[in-house]
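Structure first, then comments.
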Amino acid sequence: FDTEFLCHTMAVRAVSSVDEAVEHINSHSSGHTDAIVTEDMAVAETFLRRIDSAGVYHNCSTRFADGFRYGFGAEVGISTNRIHARGPVGLEGLVIHKYRLYGQGHTAGDFAGQSPKRRFIHKAIPGVSNAEEIPQAKAAKTA
């Protein structure tokens with residue numbers, strides 16, 4: 001489970017609970033991007049909160065993990081480190097981010113090509129300043 005195949009080969013493990021999944025993924029993941037496919041919002045939120053990766057996705061493709069798709073312009077590097085700055089840095093250089101994506105079976109292909117089905121919109125979500133204010137996260141707490 002520690003091999004990155006760089007092709008269409010996958011290593012798959014069936015688990016009996018979200019706790020077992022989180023333990024396995026946190027032990028073997030690169031820490032870059034991990035996803036869960038489930039209709040259970042409470043399980044999804046547990047996964048998104050506890051997986052120690054830069055990107056955690058619910059019901060959408062991990063191919064969304066890209067600086068351009070996040071609205072950063074051209075991607076110039078990738079880091080899975082927790083503290084990545086070197087040399088003198090200000091506060092912004094010490095801040096790390098965790099990205100949550102919520103989907104309904106979305107794939108990156110829908111946003112590609114000459115006439116894409118969907119377009120990226122890079123803007124703040126009104127009323128959301130932290131992960132606990134995301135509508136899907138709120139819904140999972142009340143489920």
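Chain lettering (A, B, ...) mirrors the order of the structure tokens, residue numbering begins at 1 for each chain separately, and ligand numbering begins at 1 in order of display.
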
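Counting only C-alpha atoms, A:Ser30 has the following residues at most 12 Å away, ignoring those fewer than 2 positions along the same chain: Phe1, Asp2, Thr3, Glu4, His24, Ile25, Asn26, Ser27, His28, His32, Thr33, Asp34, Ile51, Asp52, Ser53, Ala54, Gly55, Ile78, Ser79, Thr80 and Asn81 of chain A.
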
Can you spit out the residues from that selection as a JSON list (two decimals), in the first residue's frame, using N, CA, C and O atoms?
[["chain", "number", "residue", "atom", "x", "y", "z"],
["A", 1, "PHE", "N", 0.80, -1.21, 0.00],
["A", 1, "PHE", "CA", 0.00, 0.00, 0.00],
["A", 1, "PHE", "C", 0.85, 1.27, 0.00],
["A", 1, "PHE", "O", 0.31, 2.36, 0.03],
["A", 2, "ASP", "N", 2.15, 1.13, -0.02],
["A", 2, "ASP", "CA", 3.03, 2.29, 0.01],
["A", 2, "ASP", "C", 3.63, 2.59, -1.36],
["A", 2, "ASP", "O", 4.54, 3.41, -1.47],
["A", 3, "THR", "N", 3.13, 1.95, -2.42],
["A", 3, "THR", "CA", 3.66, 2.13, -3.77],
["A", 3, "THR", "C", 2.78, 3.08, -4.57],
["A", 3, "THR", "O", 1.57, 2.94, -4.58],
["A", 4, "GLU", "N", 3.41, 4.04, -5.24],
["A", 4, "GLU", "CA", 2.70, 4.90, -6.18],
["A", 4, "GLU", "C", 2.99, 4.33, -7.56],
["A", 4, "GLU", "O", 4.12, 4.34, -8.02],
["A", 24, "HIS", "N", -5.71, 3.20, 8.33],
["A", 24, "HIS", "CA", -4.95, 2.65, 7.19],
["A", 24, "HIS", "C", -4.42, 3.77, 6.30],
["A", 24, "HIS", "O", -3.24, 3.78, 5.94],
["A", 25, "ILE", "N", -5.28, 4.72, 5.94],
["A", 25, "ILE", "CA", -4.87, 5.79, 5.04],
["A", 25, "ILE", "C", -3.79, 6.67, 5.68],
["A", 25, "ILE", "O", -2.79, 6.99, 5.05],
["A", 26, "ASN", "N", -3.97, 7.02, 6.93],
["A", 26, "ASN", "CA", -2.97, 7.86, 7.60],
["A", 26, "ASN", "C", -1.64, 7.14, 7.75],
["A", 26, "ASN", "O", -0.59, 7.79, 7.84],
["A", 27, "SER", "N", -1.65, 5.82, 7.73],
["A", 27, "SER", "CA", -0.40, 5.04, 7.81],
["A", 27, "SER", "C", 0.29, 4.89, 6.46],
["A", 27, "SER", "O", 1.51, 4.74, 6.40],
["A", 28, "HIS", "N", -0.48, 4.94, 5.37],
["A", 28, "HIS", "CA", 0.09, 4.61, 4.05],
["A", 28, "HIS", "C", -0.03, 5.72, 3.00],
["A", 28, "HIS", "O", 0.56, 5.61, 1.93],
["A", 32, "HIS", "N", -0.92, 13.76, 0.27],
["A", 32, "HIS", "CA", -1.29, 14.75, -0.74],
["A", 32, "HIS", "C", -2.80, 14.87, -0.86],
["A", 32, "HIS", "O", -3.37, 15.89, -0.52],
["A", 33, "THR", "N", -3.48, 13.83, -1.36],
["A", 33, "THR", "CA", -4.91, 13.89, -1.60],
["A", 33, "THR", "C", -5.54, 12.53, -1.35],
["A", 33, "THR", "O", -5.03, 11.51, -1.82],
["A", 34, "ASP", "N", -6.64, 12.51, -0.62],
["A", 34, "ASP", "CA", -7.39, 11.28, -0.38],
["A", 34, "ASP", "C", -8.88, 11.57, -0.49],
["A", 34, "ASP", "O", -9.32, 12.69, -0.21],
["A", 51, "ILE", "N", -8.48, 12.56, 8.23],
["A", 51, "ILE", "CA", -7.42, 12.19, 7.30],
["A", 51, "ILE", "C", -6.38, 13.31, 7.28],
["A", 51, "ILE", "O", -6.70, 14.48, 7.11],
["A", 52, "ASP", "N", -5.12, 12.94, 7.43],
["A", 52, "ASP", "CA", -4.03, 13.92, 7.50],
["A", 52, "ASP", "C", -3.41, 14.10, 6.12],
["A", 52, "ASP", "O", -2.29, 13.70, 5.86],
["A", 53, "SER", "N", -4.17, 14.71, 5.22],
["A", 53, "SER", "CA", -3.70, 15.00, 3.86],
["A", 53, "SER", "C", -4.02, 16.45, 3.52],
["A", 53, "SER", "O", -4.95, 17.03, 4.08],
["A", 54, "ALA", "N", -3.28, 17.00, 2.58],
["A", 54, "ALA", "CA", -3.50, 18.39, 2.17],
["A", 54, "ALA", "C", -4.87, 18.57, 1.52],
["A", 54, "ALA", "O", -5.50, 19.60, 1.66],
["A", 55, "GLY", "N", -5.33, 17.56, 0.78],
["A", 55, "GLY", "CA", -6.63, 17.60, 0.13],
["A", 55, "GLY", "C", -7.45, 16.39, 0.53],
["A", 55, "GLY", "O", -6.96, 15.27, 0.46],
["A", 78, "ILE", "N", 4.67, 21.17, -5.44],
["A", 78, "ILE", "CA", 3.76, 20.39, -4.61],
["A", 78, "ILE", "C", 4.51, 20.05, -3.32],
["A", 78, "ILE", "O", 5.66, 19.66, -3.35],
["A", 79, "SER", "N", 3.82, 20.18, -2.19],
["A", 79, "SER", "CA", 4.43, 19.81, -0.93],
["A", 79, "SER", "C", 3.44, 19.02, -0.09],
["A", 79, "SER", "O", 2.26, 19.37, -0.03],
["A", 80, "THR", "N", 3.91, 17.95, 0.53],
["A", 80, "THR", "CA", 3.09, 17.20, 1.48],
["A", 80, "THR", "C", 3.64, 17.38, 2.89],
["A", 80, "THR", "O", 3.19, 16.72, 3.82],
["A", 81, "ASN", "N", 4.62, 18.27, 3.04],
["A", 81, "ASN", "CA", 5.18, 18.55, 4.36],
["A", 81, "ASN", "C", 4.23, 19.41, 5.17],
["A", 81, "ASN", "O", 3.41, 20.13, 4.62]]

Who sits within 10 Å of stretch 120-132 of chain A, only C-alpha atoms, same chain under 6 positions skipped, as a compact mmCIF listing (two decimals) with all heavy atoms, in the first residue's frame:
# COMPACT_ATOMS: atom_id res chain seq x y z
N ARG A 49 -12.31 15.19 8.33
CA ARG A 49 -11.71 15.81 9.51
C ARG A 49 -10.46 15.06 9.97
O ARG A 49 -9.48 15.67 10.39
CB ARG A 49 -12.75 15.86 10.63
CG ARG A 49 -12.34 16.65 11.85
CD ARG A 49 -13.45 16.78 12.89
NE ARG A 49 -14.00 15.49 13.29
CZ ARG A 49 -15.18 14.98 12.89
NH1 ARG A 49 -15.94 15.67 12.06
NH2 ARG A 49 -15.59 13.81 13.31
N PHE A 68 -3.88 25.18 -10.26
CA PHE A 68 -4.73 25.97 -11.15
C PHE A 68 -6.19 25.78 -10.79
O PHE A 68 -6.96 26.74 -10.71
CB PHE A 68 -4.51 25.60 -12.62
CG PHE A 68 -5.49 26.27 -13.53
CD1 PHE A 68 -5.35 27.62 -13.85
CD2 PHE A 68 -6.58 25.57 -14.04
CE1 PHE A 68 -6.27 28.25 -14.68
CE2 PHE A 68 -7.50 26.20 -14.86
CZ PHE A 68 -7.34 27.54 -15.18
N ARG A 69 -6.60 24.54 -10.55
CA ARG A 69 -7.99 24.27 -10.22
C ARG A 69 -8.39 24.87 -8.88
O ARG A 69 -9.56 25.15 -8.66
CB ARG A 69 -8.24 22.76 -10.24
CG ARG A 69 -8.15 22.19 -11.64
CD ARG A 69 -8.27 20.70 -11.66
NE ARG A 69 -8.27 20.24 -13.04
CZ ARG A 69 -7.78 19.09 -13.44
NH1 ARG A 69 -7.26 18.25 -12.57
NH2 ARG A 69 -7.83 18.75 -14.70
N TYR A 70 -7.44 25.09 -8.00
CA TYR A 70 -7.72 25.76 -6.72
C TYR A 70 -7.71 27.27 -6.87
O TYR A 70 -7.99 28.00 -5.92
CB TYR A 70 -6.67 25.38 -5.68
CG TYR A 70 -6.80 24.00 -5.07
CD1 TYR A 70 -5.78 23.50 -4.28
CD2 TYR A 70 -7.91 23.20 -5.26
CE1 TYR A 70 -5.88 22.25 -3.69
CE2 TYR A 70 -8.01 21.95 -4.70
CZ TYR A 70 -7.00 21.48 -3.90
OH TYR A 70 -7.08 20.25 -3.32
N GLY A 71 -7.35 27.78 -8.05
CA GLY A 71 -7.35 29.21 -8.27
C GLY A 71 -6.04 29.89 -7.96
O GLY A 71 -5.98 31.11 -7.78
N PHE A 72 -4.94 29.13 -7.92
CA PHE A 72 -3.63 29.69 -7.59
C PHE A 72 -2.84 30.12 -8.81
O PHE A 72 -1.70 30.54 -8.69
CB PHE A 72 -2.78 28.67 -6.83
CG PHE A 72 -3.38 28.18 -5.55
CD1 PHE A 72 -3.05 26.94 -5.07
CD2 PHE A 72 -4.25 28.96 -4.81
CE1 PHE A 72 -3.60 26.47 -3.88
CE2 PHE A 72 -4.80 28.51 -3.63
CZ PHE A 72 -4.47 27.26 -3.16
N LYS A 98 -5.55 22.89 4.46
CA LYS A 98 -6.16 21.60 4.15
C LYS A 98 -7.39 21.92 3.32
O LYS A 98 -8.21 22.73 3.71
CB LYS A 98 -6.55 20.86 5.42
CG LYS A 98 -7.17 19.50 5.18
CD LYS A 98 -7.36 18.75 6.50
CE LYS A 98 -7.91 17.37 6.28
NZ LYS A 98 -7.98 16.62 7.55
N TYR A 99 -7.49 21.32 2.15
CA TYR A 99 -8.56 21.63 1.22
C TYR A 99 -9.60 20.52 1.25
O TYR A 99 -9.27 19.34 1.14
CB TYR A 99 -8.00 21.79 -0.20
CG TYR A 99 -6.99 22.90 -0.26
CD1 TYR A 99 -5.63 22.65 -0.07
CD2 TYR A 99 -7.40 24.21 -0.45
CE1 TYR A 99 -4.71 23.69 -0.08
CE2 TYR A 99 -6.49 25.25 -0.47
CZ TYR A 99 -5.15 24.98 -0.29
OH TYR A 99 -4.23 26.00 -0.30
N ARG A 100 -10.88 20.91 1.38
CA ARG A 100 -12.00 19.95 1.34
C ARG A 100 -12.78 20.19 0.06
O ARG A 100 -13.14 21.33 -0.24
CB ARG A 100 -12.95 20.17 2.51
CG ARG A 100 -12.41 19.80 3.85
CD ARG A 100 -13.53 19.92 4.86
NE ARG A 100 -13.05 19.68 6.20
CZ ARG A 100 -13.85 19.49 7.23
NH1 ARG A 100 -15.16 19.52 7.07
NH2 ARG A 100 -13.35 19.28 8.43
N PHE A 111 -14.43 19.66 -16.56
CA PHE A 111 -13.91 21.02 -16.60
C PHE A 111 -12.85 21.20 -17.68
O PHE A 111 -12.22 22.24 -17.75
CB PHE A 111 -13.31 21.38 -15.23
CG PHE A 111 -14.32 21.41 -14.12
CD1 PHE A 111 -14.72 20.25 -13.49
CD2 PHE A 111 -14.89 22.61 -13.73
CE1 PHE A 111 -15.65 20.27 -12.46
CE2 PHE A 111 -15.82 22.65 -12.71
CZ PHE A 111 -16.21 21.47 -12.08
N LYS A 138 -22.10 21.19 8.37
CA LYS A 138 -23.19 21.47 9.29
C LYS A 138 -24.24 20.37 9.25
O LYS A 138 -24.74 19.92 10.26
CB LYS A 138 -23.86 22.82 8.96
CG LYS A 138 -23.05 24.03 9.35
CD LYS A 138 -23.84 25.28 8.99
CE LYS A 138 -23.12 26.54 9.39
NZ LYS A 138 -23.87 27.73 9.01
N LYS A 141 -23.28 17.22 11.11
CA LYS A 141 -23.35 17.34 12.58
C LYS A 141 -24.75 17.09 13.10
O LYS A 141 -24.93 16.63 14.21
CB LYS A 141 -22.86 18.71 13.02
CG LYS A 141 -21.37 18.84 13.01
CD LYS A 141 -20.97 20.14 13.64
CE LYS A 141 -19.46 20.16 13.79
NZ LYS A 141 -19.00 21.31 14.51

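Distances here use only C-alpha atoms; by that measure, the residue among A:Ser115, A:Ser61, A:Thr107, A:Gln136 closest to A:Ala42 is A:Gln136.
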
For this session: From a DSSP pass on the backbone, collect the residues of stretch 2-140 of chain A flagged as strand (DSSP E) and hand them back as a list of chain:residue names.
Result: A:Thr33, A:Asp34, A:Ala35, A:Ile36, A:Gly55, A:Val56, A:Tyr57, A:His58, A:Asn59, A:Cys60, A:Tyr99, A:Arg100, A:Leu101, A:Tyr102, A:Gly103, A:Gln104, A:Gly105, A:His106

Problem set entry | stretch 21-131 of chain A: residues DSSP assigns to helix (DSSP H, G or I), reported as a PyMOL selection string | chain A and resi 21-28+41-50+62-64+91-94+108-111+131
